[in-house]
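Shown next, in structure tokens, is the structure this report addresses.
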Amino acid sequence: MDPSNLRIRGVLLAAGKGTRMKSRLPKVLHPLLGRPMAAYPLRALHQATGEKPVVVVGHQAEAVKAGLGPDAADYVFQDPPLGTGHAVAQARALLEGRVDVLLVAAGDMPLLRAETFRRILEEHLSHPGTAITLLTVETDNARGFGRILRDERGKVVGIVEEAHATPEQKAIREVNVGVYAFDAQWLWHALERVPLSPKGEYYLTDTVALAVAEDLPVRAVTLEDPQEAIGVNTRVHLAEATAALLDRIRRNWMLAGVTMIDPHRVYIEDTVQLAPDVTLWPDTYLMGNTVVEGESEIGPQSYLKNAHIGPRCRVWASVVEDSTLEAEVHIGPYARVRGGAHLGRGVFLGNYAEVKKSRLGPGVKMHHFSYLGDATVGSNVNIGAGTITCNYDGVRKNPTFIEDDAFIGSDTMLVAPVRIGRGARTGAGAVVTKDVPPYTLAVGVPARVIRRLSPPEDASSRDPSTPPKTSPKGKE
């Protein structure tokens with residue numbers, strides 16, 4: 001059969017309890033850089049085969065399906081849990097007659113790459129008639145993996161689980177990683193003949209001895225990067241896998257043109273996207289679907305989650321969540337932007353400035369100690385220190401509108417719903433409960449308009465830090 005016409009599916013084993021994690025959460029759902037551990041090999045299997053994998057679930061099956069995504073895979077159920085051979089057999093009803101090659105991996109091995117799966121498939125498909133192609137690694141730290149047994153000619157003749165290995169077998173450095181390509185038609189019948197182990201389980205590894213007994217080829221592919229073989233059985237292993245994955249991600253981004261001042265103090269999830277010439281300072285956290293465009297600097301001590309940072313921005317010791325910064329925005333230190341906020345080009349937020357669910361137009365300056373919530377702010381607006389939008393009346397959130405070129409004095413309270421007109425100005429300490437018309441000055445508690453202001457010839461070009469001139473007459 002032409003290898004290009006073979007039908008290939010991945011099978012991910014994710015039915016175990018993971019008792020050594022000492023957690024009520026299923027092991028395969030423990031988070032690794034913001035995603036469930038099993039999401040990594042699941043994605044790699046999909047990439048390698050081009051088909052949605054089959055996931056074998058058991059312990060807390062519904063939670064595992066919800067955590068990985070109901071549409072991310074086809075799910076089959078294993079009950080009771082009788083070992084890895086029994087687990088794969090649960091996919092038979094779904095796949096028999098529909099698949100030529102099965103690519104099997106464990107859900108607790110998050111560092112396996114799609115490229116590694118492709119190497120196994122390439123080796124398997126390039127040798128027609130092969131029953132099993134398995135992945136091995138040479139290591140001094142077996143981590144509980146079974147040992148590879150070879151004959152005097154170097155051919156694989158079996159796998160012995162560590163629990164049943166002799167002292168001599170335990171000294172073998174080549175171990176089984178737990179990733180296999182199987183001839184599917186052969187496998188279904190072989191699983192019927194797998195013996196029950198002393199532990200009362202059916203081991204998938206015993207299929208190797210069955211193939212050898214039938215004089216069928218068993219091939220091995222040696223893992224190039226031993227870190228890919230890190231399996232997670234304890235919280236210690238989870239920390240090791242996290243560190244290894246972080247190193248991989250950081251290295252890839254640096255090779256792609258990102259500068260990291262101290263790489264080991266930068267946290268980046270693999271869903272993040274970075275452009276060349278981004279600079280990341282120490283103690284920076286980039287999470288979720290964050291995007292940082294070119295020539296922006298993030299950190300030190302910054303936290304970004306689901307943030308879109310435009311080009312040439314500076315985020316210094318600040319938090320940006322679920323929000324967008326256009327080009328040349330500078331925020332920090334100690335600023336917070338959240339809740340779908342959108343900051344236009346050239347906006348400046350200083351220390352202890354917070355923006356929530358608001359849109360700030362180009363050139364807005366909000367230097368320090370202020371809060372804008374549920375607000376729409378025009379261009380070239382100056383927000384004085386201590387300004388607050390009082391947007392919550394105890395029942396609902398109310399909007400505030402500040403039009404272009406307005407100047408909001410220090411300690412102004414804007415009691416929403418309220419609108420500040422274009423070029424208007426509030427005095428320091430004003431409590432604004434009613435709309436302020438364009439080009440007027442409102443002061444007091446509650447604020448009232450006391451003077452009309454003369455619009456500049458080109459209000460849009462005026463420096464917002466300079467208040468508009470007052471008219472010599474006109475008082476309201």
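In the structure tokens, each chain is lettered A, B, ... as it comes, each chain's residues begin at 1, and ligands are numbered from 1 in order of appearance.
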
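The neighbours of Trp186 in chain A here are the residues that come within 12 Å of it, using only C-alpha atoms and leaving out any residue fewer than 2 positions away in the same chain; they are A:Arg92, A:Glu96, A:Gly97, A:Val99, A:Asp100, A:Val101, A:Leu102, A:Gly129, A:Thr130, A:Ala131, A:Ile132, A:Ala181, A:Phe182, A:Asp183, A:Ala184, A:Trp188, A:His189, A:Ala190, A:Leu191, A:Glu192, A:Arg193, A:Thr207, A:Val208, A:Leu210, A:Ala211, A:Glu214, A:Leu216.
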
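Ranking A:Gly34, A:Gly200, A:Gly67, A:Pro276 by their shortest atom-to-atom distance to Gly288 in chain A, with only C-alpha atoms included, puts A:Gly34 first.
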
Neighbouring residues of Leu349 in chain A were defined as those with any atom within 6 Å, considering only C-alpha atoms; residues of the same chain fewer than 4 positions away were excluded. Please report them as a PDB file with C-alpha atoms, in the first residue's frame.
ATOM      1  CA  ILE A 331       2.128  52.977  30.908  1.00  0.00           C
ATOM      2  CA  MET A 366      -3.352  60.358  32.753  1.00  0.00           C
ATOM      3  CA  HIS A 367      -0.255  60.788  34.828  1.00  0.00           C
TER       4      HIS A 367
END

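In this comparison, which uses only C-alpha atoms, the residue of A:Leu112, A:Leu94, A:Ile408, A:Asn233 approaching Gly16 in chain A most closely is A:Asn233.
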
Next item on the list: Quick one: everything within 9 Å of Leu238 in chain A, counting only C-alpha atoms, minus sequence neighbours fewer than 4 positions away in the same chain. Send it as a PyMOL selection string.
Entry: chain A and resi 30-32+37+230-234+242-243

Selection export as a PDB file, in the first residue's frame, atoms kept: C-alpha atoms:
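Now in result03.pdb:
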ATOM      1  CA  HIS A  30      -2.819  19.958  35.926  1.00  0.00           C
ATOM      2  CA  PRO A  31      -1.866  23.274  34.348  1.00  0.00           C
ATOM      3  CA  LEU A  32       1.421  23.680  32.551  1.00  0.00           C
ATOM      4  CA  MET A  37      -0.781  19.122  30.671  1.00  0.00           C
ATOM      5  CA  ILE A 230      10.005  13.977  30.974  1.00  0.00           C
ATOM      6  CA  GLY A 231       6.819  12.338  32.165  1.00  0.00           C
ATOM      7  CA  VAL A 232       4.778  13.873  34.967  1.00  0.00           C
ATOM      8  CA  ASN A 233       3.804  11.717  37.925  1.00  0.00           C
ATOM      9  CA  THR A 234       4.448  14.127  40.809  1.00  0.00           C
ATOM     10  CA  THR A 242       7.498  23.584  33.315  1.00  0.00           C
ATOM     11  CA  ALA A 243      11.134  24.674  33.488  1.00  0.00           C
TER      12      ALA A 243
END
